[in-house]
file work.cif (mmCIF, C-alpha atoms and all ligand atoms)
data_data
loop_
_atom_site.label_atom_id
_atom_site.label_comp_id
_atom_site.auth_asym_id
_atom_site.auth_seq_id
_atom_site.Cartn_x
_atom_site.Cartn_y
_atom_site.Cartn_z
CA MET A 48 -121.93 -50.56 97.33
CA LYS A 49 -119.29 -48.76 95.30
CA ILE A 50 -115.52 -48.46 95.48
CA GLU A 51 -113.92 -45.05 95.14
CA ALA A 52 -110.74 -43.17 95.95
CA PHE A 53 -110.70 -42.22 99.64
CA ASP A 54 -111.98 -38.73 100.34
CA PRO A 55 -111.83 -37.82 104.06
CA ALA A 56 -114.38 -35.05 103.55
CA ARG A 57 -117.06 -37.39 102.25
CA HIS A 58 -116.39 -40.85 103.64
CA ASN A 59 -117.79 -41.65 107.05
CA ARG A 60 -115.37 -43.93 108.85
CA SER A 61 -116.22 -43.15 112.48
CA GLY A 62 -117.87 -46.45 113.36
CA PHE A 63 -115.57 -48.64 111.28
CA ALA A 64 -114.65 -51.86 113.13
CA SER A 65 -112.73 -54.64 111.39
CA GLY A 66 -111.78 -56.65 114.46
CA ASN A 67 -108.24 -55.26 114.22
CA PRO A 68 -108.09 -52.00 116.20
CA ARG A 69 -104.83 -50.90 114.57
CA LEU A 70 -106.34 -51.11 111.09
CA ASP A 71 -109.42 -49.20 112.34
CA GLU A 72 -107.33 -46.48 113.95
CA TYR A 73 -105.19 -46.12 110.83
CA LEU A 74 -108.32 -45.51 108.73
CA GLN A 75 -109.84 -43.11 111.25
CA ARG A 76 -106.77 -41.10 112.26
CA TYR A 77 -103.81 -41.48 109.92
CA LEU A 78 -104.96 -42.42 106.44
CA SER A 79 -105.91 -38.93 105.26
CA GLN A 80 -102.40 -37.61 106.08
CA SER A 81 -100.75 -40.54 104.32
CA VAL A 82 -102.83 -39.89 101.22
CA LYS A 83 -102.17 -36.15 101.37
CA LYS A 84 -98.42 -36.81 101.45
CA SER A 85 -98.69 -39.41 98.65
CA ILE A 86 -97.29 -42.12 100.91
CA VAL A 87 -100.22 -44.29 99.89
CA GLN A 88 -103.22 -44.16 97.60
CA ALA A 89 -106.35 -45.49 99.28
CA TYR A 90 -109.69 -46.82 98.11
CA VAL A 91 -112.84 -47.39 100.12
CA ALA A 92 -115.93 -49.50 99.62
CA VAL A 93 -118.90 -47.37 100.71
CA ASP A 94 -122.62 -47.86 101.06
CA ASP A 95 -125.18 -45.42 99.64
CA GLY A 96 -124.86 -43.16 102.69
CA GLY A 97 -121.07 -42.86 102.33
CA LYS A 98 -120.33 -45.18 105.24
CA VAL A 99 -117.04 -47.03 104.81
CA LEU A 100 -117.45 -50.82 104.60
CA GLY A 101 -113.81 -51.56 103.80
CA TYR A 102 -110.58 -50.02 102.56
CA TYR A 103 -107.17 -50.77 101.17
CA THR A 104 -103.98 -48.88 100.46
CA LEU A 105 -101.49 -49.17 97.61
CA SER A 106 -97.99 -47.80 97.38
CA ALA A 107 -94.75 -48.33 95.50
CA ALA A 108 -92.42 -51.04 96.76
CA HIS A 109 -89.95 -53.60 95.50
CA ILE A 110 -89.19 -57.27 95.99
CA ARG A 111 -85.56 -58.33 96.35
CA HIS A 112 -84.65 -60.89 93.73
CA ASP A 113 -83.39 -63.31 96.38
CA GLU A 114 -86.82 -63.20 98.09
CA LEU A 115 -88.43 -64.96 95.12
CA PRO A 116 -88.92 -68.73 95.16
CA GLU A 117 -86.44 -70.51 92.84
CA GLU A 118 -88.79 -71.10 89.88
CA ALA A 119 -90.12 -67.54 89.90
CA ALA A 120 -86.62 -66.12 90.29
CA LYS A 121 -85.67 -67.47 86.84
CA LYS A 122 -88.39 -65.34 85.24
CA PHE A 123 -87.15 -62.03 86.60
CA PRO A 124 -83.91 -60.07 86.11
CA ARG A 125 -81.47 -60.16 89.02
CA TYR A 126 -82.26 -56.76 90.48
CA PRO A 127 -85.04 -55.34 92.67
CA ILE A 128 -88.43 -56.03 91.13
CA PRO A 129 -90.88 -53.11 91.16
CA ALA A 130 -94.10 -53.94 92.97
CA ALA A 131 -97.37 -52.46 94.21
CA LEU A 132 -97.67 -52.93 97.96
CA LEU A 133 -101.13 -53.67 99.32
CA GLY A 134 -100.14 -52.10 102.61
CA ARG A 135 -103.35 -52.30 104.59
CA MET A 136 -106.71 -53.85 103.95
CA ALA A 137 -109.73 -54.40 106.17
CA THR A 138 -113.49 -54.79 105.99
CA ASP A 139 -116.12 -53.94 108.57
CA THR A 140 -117.35 -56.91 110.61
CA ALA A 141 -121.00 -55.97 109.96
CA ALA A 142 -120.37 -56.06 106.20
CA ARG A 143 -118.70 -59.45 106.63
CA GLY A 144 -121.74 -60.66 108.55
CA ALA A 145 -123.97 -59.49 105.70
CA ASN A 146 -121.90 -61.56 103.21
CA LEU A 147 -121.23 -58.58 100.96
CA HIS A 148 -117.83 -59.97 99.89
CA VAL A 149 -116.33 -56.54 100.35
CA GLY A 150 -112.84 -58.01 100.80
CA SER A 151 -112.94 -59.84 97.47
CA LYS A 152 -114.31 -56.80 95.68
CA LEU A 153 -111.59 -54.57 97.14
CA LEU A 154 -108.83 -57.04 96.27
CA VAL A 155 -110.04 -57.35 92.67
CA HIS A 156 -110.17 -53.54 92.52
CA ALA A 157 -106.57 -53.38 93.81
CA MET A 158 -105.48 -55.84 91.13
CA LYS A 159 -107.15 -53.70 88.45
CA GLN A 160 -105.50 -50.54 89.81
CA THR A 161 -102.14 -52.32 89.72
CA LEU A 162 -102.69 -53.32 86.10
CA LYS A 163 -103.63 -49.72 85.28
CA ALA A 164 -100.42 -48.50 86.91
CA THR A 165 -98.38 -50.65 84.51
CA GLY A 166 -99.47 -48.25 81.77
CA THR A 167 -97.52 -45.50 83.52
CA LEU A 168 -94.56 -47.17 85.24
CA GLY A 169 -92.94 -50.57 85.66
CA VAL A 170 -94.83 -52.75 88.13
CA ALA A 171 -94.19 -56.48 87.90
CA CYS A 172 -95.89 -57.83 91.04
CA MET A 173 -98.30 -57.11 93.83
CA VAL A 174 -97.01 -57.75 97.33
CA VAL A 175 -98.76 -57.95 100.70
CA ASP A 176 -97.54 -58.44 104.26
CA ALA A 177 -100.44 -60.58 105.41
CA LYS A 178 -101.66 -60.94 108.95
CA PRO A 179 -101.31 -64.64 109.88
CA GLU A 180 -105.09 -65.04 110.01
CA ALA A 181 -105.53 -63.50 106.53
CA VAL A 182 -102.99 -65.58 104.56
CA GLY A 183 -105.75 -67.97 103.41
CA PHE A 184 -107.78 -65.07 102.03
CA TYR A 185 -104.95 -63.90 99.76
CA GLN A 186 -104.03 -67.44 98.72
CA ARG A 187 -107.54 -67.88 97.33
CA PHE A 188 -106.61 -65.20 94.78
CA GLY A 189 -103.30 -66.80 93.83
CA PHE A 190 -100.93 -64.92 96.14
CA MET A 191 -97.85 -67.02 96.95
CA PRO A 192 -95.29 -66.78 99.75
CA LEU A 193 -91.96 -65.10 99.20
CA LYS A 194 -88.90 -66.69 100.77
CA GLN A 195 -89.30 -65.26 104.25
CA LYS A 196 -89.01 -67.03 107.56
CA ASP A 197 -92.55 -66.22 108.64
CA GLY A 198 -94.19 -66.90 105.22
CA LEU A 199 -96.39 -63.83 105.63
CA ARG A 200 -95.02 -61.76 102.76
CA LEU A 201 -96.99 -62.82 99.71
CA TYR A 202 -96.74 -61.85 96.05
CA LEU A 203 -98.70 -62.13 92.83
CA PRO A 204 -97.08 -61.49 89.44
CA VAL A 205 -98.79 -58.87 87.26
CA GLU A 206 -98.57 -61.45 84.46
CA THR A 207 -100.99 -63.64 86.45
CA ILE A 208 -103.34 -60.70 87.02
CA ARG A 209 -103.34 -60.04 83.25
CA LYS A 210 -104.38 -63.61 82.62
CA MET A 211 -107.14 -63.26 85.19
CA GLN A 212 -108.47 -59.96 83.91
CA GLN A 213 -111.21 -61.50 81.76
CA LEU A 214 -112.67 -62.87 84.97
CA PHE A 215 -112.89 -59.30 86.27
CA ALA A 216 -114.69 -58.03 83.18
CA ALA A 217 -118.17 -58.46 84.63
C1 LIG B 1 -109.21 -60.48 105.49
C2 LIG B 1 -110.43 -59.62 105.15
C3 LIG B 1 -109.98 -58.30 104.51
C4 LIG B 1 -111.29 -60.41 104.14
O1 LIG B 1 -112.42 -59.62 103.84
P1 LIG B 1 -113.90 -60.26 103.70
O2 LIG B 1 -114.84 -59.10 103.49
O3 LIG B 1 -114.15 -61.18 104.83
O4 LIG B 1 -113.71 -61.08 102.37
P2 LIG B 1 -114.83 -61.84 101.51
O5 LIG B 1 -116.14 -61.86 102.23
O6 LIG B 1 -114.80 -61.28 100.14
O7 LIG B 1 -114.22 -63.31 101.49
C5 LIG B 1 -113.99 -64.01 100.29
C6 LIG B 1 -113.79 -65.45 100.60
O8 LIG B 1 -112.60 -65.58 101.37
C7 LIG B 1 -112.89 -66.23 102.60
N1 LIG B 1 -112.09 -65.61 103.65
C8 LIG B 1 -112.31 -64.43 104.27
N2 LIG B 1 -111.36 -64.20 105.18
C9 LIG B 1 -110.55 -65.28 105.13
C10 LIG B 1 -109.38 -65.64 105.85
N3 LIG B 1 -108.88 -64.82 106.78
N4 LIG B 1 -108.78 -66.81 105.55
C11 LIG B 1 -109.29 -67.63 104.60
N5 LIG B 1 -110.40 -67.35 103.88
C12 LIG B 1 -111.01 -66.19 104.15
C13 LIG B 1 -114.38 -66.00 102.86
O9 LIG B 1 -114.92 -67.02 103.65
C14 LIG B 1 -114.94 -66.02 101.46
O10 LIG B 1 -115.16 -67.36 101.05
P3 LIG B 1 -116.43 -67.77 100.14
O11 LIG B 1 -116.23 -67.04 98.85
O12 LIG B 1 -116.28 -69.24 100.03
O13 LIG B 1 -117.63 -67.30 100.89
C15 LIG B 1 -111.31 -59.35 106.40
O14 LIG B 1 -111.62 -60.59 107.00
C16 LIG B 1 -110.66 -58.45 107.45
O15 LIG B 1 -110.75 -57.23 107.35
N6 LIG B 1 -110.06 -59.02 108.50
C17 LIG B 1 -109.52 -58.25 109.63
C18 LIG B 1 -108.34 -57.41 109.21
C19 LIG B 1 -107.30 -58.19 108.43
O16 LIG B 1 -106.87 -59.27 108.83
N7 LIG B 1 -106.89 -57.61 107.30
C20 LIG B 1 -105.90 -58.21 106.41
C21 LIG B 1 -104.61 -57.57 106.74
S1 LIG B 1 -103.31 -58.30 105.78
#
call {"tool": "encode", "arguments": {"input": "work.cif", "output": "structure tokens", "more": "lines below"}}
Ligand SMILES: CC(C)(COP(=O)(O)OP(=O)(O)OC[C@H]1O[C@@H](n2cnc3c(N)ncnc32)[C@H](O)[C@@H]1OP(=O)(O)O)[C@@H](O)C(=O)NCCC(=O)NCCS
result
Amino acid sequence: MKIEAFDPARHNRSGFASGNPRLDEYLQRYLSQSVKKSIVQAYVAVDDGGKVLGYYTLSAAHIRHDELPEEAAKKFPRYPIPAALLGRMATDTAARGANLHVGSKLLVHAMKQTLKATGTLGVACMVVDAKPEAVGFYQRFGFMPLKQKDGLRLYLPVETIRKMQQLFAA
């Protein structure tokens, strides 16, 4: 399995099924346009035959200062905080059944891409609007809730990712 930038001409996504039809349809019908228009950048995990096992998207976003929990708020200036939005992420149910840990590998890749982006522009956090059933997955990687009623918008400071990067070295 390898992870590469999404290329609609090469990556076979026809049978992709994550258990969430909207995330499947987005990959199959809308993602290539979004990438073409630079609304998102997308990465896919693919098997040797080019079949998509999982994908995620990244785009520019910001966190309002008053969304941050009190302790974190003290560490950031009082204006919108630039962030990388993990907009969509899903893995194929068959890959999940085979215990390939595609989700973890994609999330670590997204963290690395976010760190890379900091060499070009200011990015202080990652942010994700998690599906209720996926909150636990992101929390395992240190994502924390922003101050939102539903508790589904999660963030991870780039500073934390930097500290974790040795773990990614392998
Ligand atoms: C959430 C999702 C991307 C995780 O991908 P995955 O391929 O299952 O992830 P991994 O196999 O790498 O899981 C890593 C660990 O997190 C755990 N985990 C997976 N999904 C989890 C969840 N929803 N809640 C809590 N823990 C979860 C796994 O059990 C695994 O634990 P282990 O290391 O002890 O075995 C995947 O389940 C998915 O696509 N779900 C449907 C679509 C969706 O909800 N997308 C998220 C939108 S915000």
call {"tool": "residues_around", "arguments": {"input": "work.cif", "residues": "Ala157 of chain A", "least_positions_apart": "4", "cutoff": "9 Å", "atoms": "only C-alpha atoms", "output": "list in words"}}
result
Tyr90, Tyr103, Thr104, Leu105, Leu133, Lys152, Leu153, Thr161 and Leu162 of chain A
call {"tool": "atom_distance", "arguments": {"input": "work.cif", "atom1": "atom CA of Val182 of chain A", "atom2": "atom O4 of ligand LIG 1 (chain B)"}}
result
11.8 Å
call {"tool": "residues_around", "arguments": {"input": "work.cif", "residues": "Val149 of chain A", "least_positions_apart": "4", "cutoff": "9 Å", "atoms": "all atoms listed in the file", "output": "ChimeraX atom specification"}}
result
/A:48,92,100-102,138-139,142-143,153-154
call {"tool": "write_last_selection", "arguments": {"input": "work.cif", "atoms": "C-alpha atoms", "output": "PDB file, keeping the file's coordinate frame"}}
result
ATOM      1  CA  MET A  48    -121.930 -50.560  97.330  1.00  0.00           C
ATOM      2  CA  ALA A  92    -115.930 -49.500  99.620  1.00  0.00           C
ATOM      3  CA  LEU A 100    -117.450 -50.820 104.600  1.00  0.00           C
ATOM      4  CA  GLY A 101    -113.810 -51.560 103.800  1.00  0.00           C
ATOM      5  CA  TYR A 102    -110.580 -50.020 102.560  1.00  0.00           C
ATOM      6  CA  THR A 138    -113.490 -54.790 105.990  1.00  0.00           C
ATOM      7  CA  ASP A 139    -116.120 -53.940 108.570  1.00  0.00           C
ATOM      8  CA  ALA A 142    -120.370 -56.060 106.200  1.00  0.00           C
ATOM      9  CA  ARG A 143    -118.700 -59.450 106.630  1.00  0.00           C
ATOM     10  CA  LEU A 153    -111.590 -54.570  97.140  1.00  0.00           C
ATOM     11  CA  LEU A 154    -108.830 -57.040  96.270  1.00  0.00           C
TER      12      LEU A 154
END
call {"tool": "residues_near_point", "arguments": {"input": "work.cif", "point": "(-105.7, -45.9, 96.4)", "cutoff": "12 Å", "atoms": "all atoms listed in the file", "output": "PyMOL selection string"}}
result
chain A and resi 50-54+78-79+81-83+85-92+102-107+131-136+153-154+156-161+163-164
call {"tool": "closest_residue", "arguments": {"input": "work.cif", "among": "A:Asp176, A:Asp113, A:Glu206, A:Asp95", "to": "ligand LIG 1 (chain B)", "atoms": "all atoms listed in the file"}}
result
A:Asp176
call {"tool": "atom_distance", "arguments": {"input": "work.cif", "atom1": "atom C4 of ligand LIG 1 (chain B)", "atom2": "atom CA of Leu70 of chain A"}}
result
12.6 Å
call {"tool": "closest_residue", "arguments": {"input": "work.cif", "among": "A:Lys122, A:His148, A:His112, A:Arg57", "to": "ligand LIG 1 (chain B)", "atoms": "all atoms listed in the file"}}
result
A:His148
call {"tool": "closest_residue", "arguments": {"input": "work.cif", "among": "A:Arg200, A:Lys121, A:His109, A:Lys49", "to": "ligand LIG 1 (chain B)", "atoms": "only C-alpha atoms and all ligand atoms"}}
result
A:Arg200
call {"tool": "closest_residue", "arguments": {"input": "work.cif", "among": "A:Gly198, A:Pro116, A:Gly62, A:Gly144", "to": "ligand LIG 1 (chain B)", "atoms": "all atoms listed in the file"}}
result
A:Gly144
call {"tool": "axis_aligned_box", "arguments": {"input": "work.cif", "around": "segment 188-199 of chain A", "padding_each_side": "5 Å", "output": "AutoDock Vina command-line options"}}
result
--center_x -97.8 --center_y -65.4 --center_z 101.2 --size_x 27.7 --size_y 13.2 --size_z 24.8
call {"tool": "atom_distance", "arguments": {"input": "work.cif", "atom1": "atom C19 of ligand LIG 1 (chain B)", "atom2": "atom CA of Gly97 of chain A"}}
result
21.5 Å
call {"tool": "closest_residue", "arguments": {"input": "work.cif", "among": "A:Ser61, A:Thr165, A:Gln75, A:Gln186", "to": "ligand LIG 1 (chain B)", "atoms": "all atoms listed in the file"}}
result
A:Gln186
call {"tool": "closest_residue", "arguments": {"input": "work.cif", "among": "A:Met211, A:Val93, A:Val99, A:Leu147", "to": "ligand LIG 1 (chain B)", "atoms": "only C-alpha atoms and all ligand atoms"}}
result
A:Leu147
call {"tool": "residues_around", "arguments": {"input": "work.cif", "residues": "Tyr185 of chain A", "least_positions_apart": "2", "cutoff": "10 Å", "atoms": "all atoms listed in the file", "output": "list in words"}}
result
Gly150, Ser151, Leu154, Val175, Ala177, Ala181, Val182, Gly183, Arg187, Phe188, Gly189, Phe190, Met191, Leu201, Tyr202 and Leu203 of chain A
call {"tool": "residues_around", "arguments": {"input": "work.cif", "residues": "Glu72 of chain A", "least_positions_apart": "4", "cutoff": "10 Å", "atoms": "all atoms listed in the file", "output": "list in words"}}
result
Arg60, Ser61, Phe63, Ala64, Asn67, Pro68, Arg76, Tyr77 and Leu78 of chain A
call {"tool": "write_last_selection", "arguments": {"input": "work.cif", "atoms": "C-alpha atoms", "output": "mmCIF file, keeping the file's coordinate frame"}}
result
data_model
loop_
_atom_site.group_PDB
_atom_site.id
_atom_site.type_symbol
_atom_site.label_atom_id
_atom_site.label_comp_id
_atom_site.auth_asym_id
_atom_site.auth_seq_id
_atom_site.Cartn_x
_atom_site.Cartn_y
_atom_site.Cartn_z
ATOM 1 C CA ARG A 60 -115.370 -43.930 108.850
ATOM 2 C CA SER A 61 -116.220 -43.150 112.480
ATOM 3 C CA PHE A 63 -115.570 -48.640 111.280
ATOM 4 C CA ALA A 64 -114.650 -51.860 113.130
ATOM 5 C CA ASN A 67 -108.240 -55.260 114.220
ATOM 6 C CA PRO A 68 -108.090 -52.000 116.200
ATOM 7 C CA ARG A 76 -106.770 -41.100 112.260
ATOM 8 C CA TYR A 77 -103.810 -41.480 109.920
ATOM 9 C CA LEU A 78 -104.960 -42.420 106.440
#
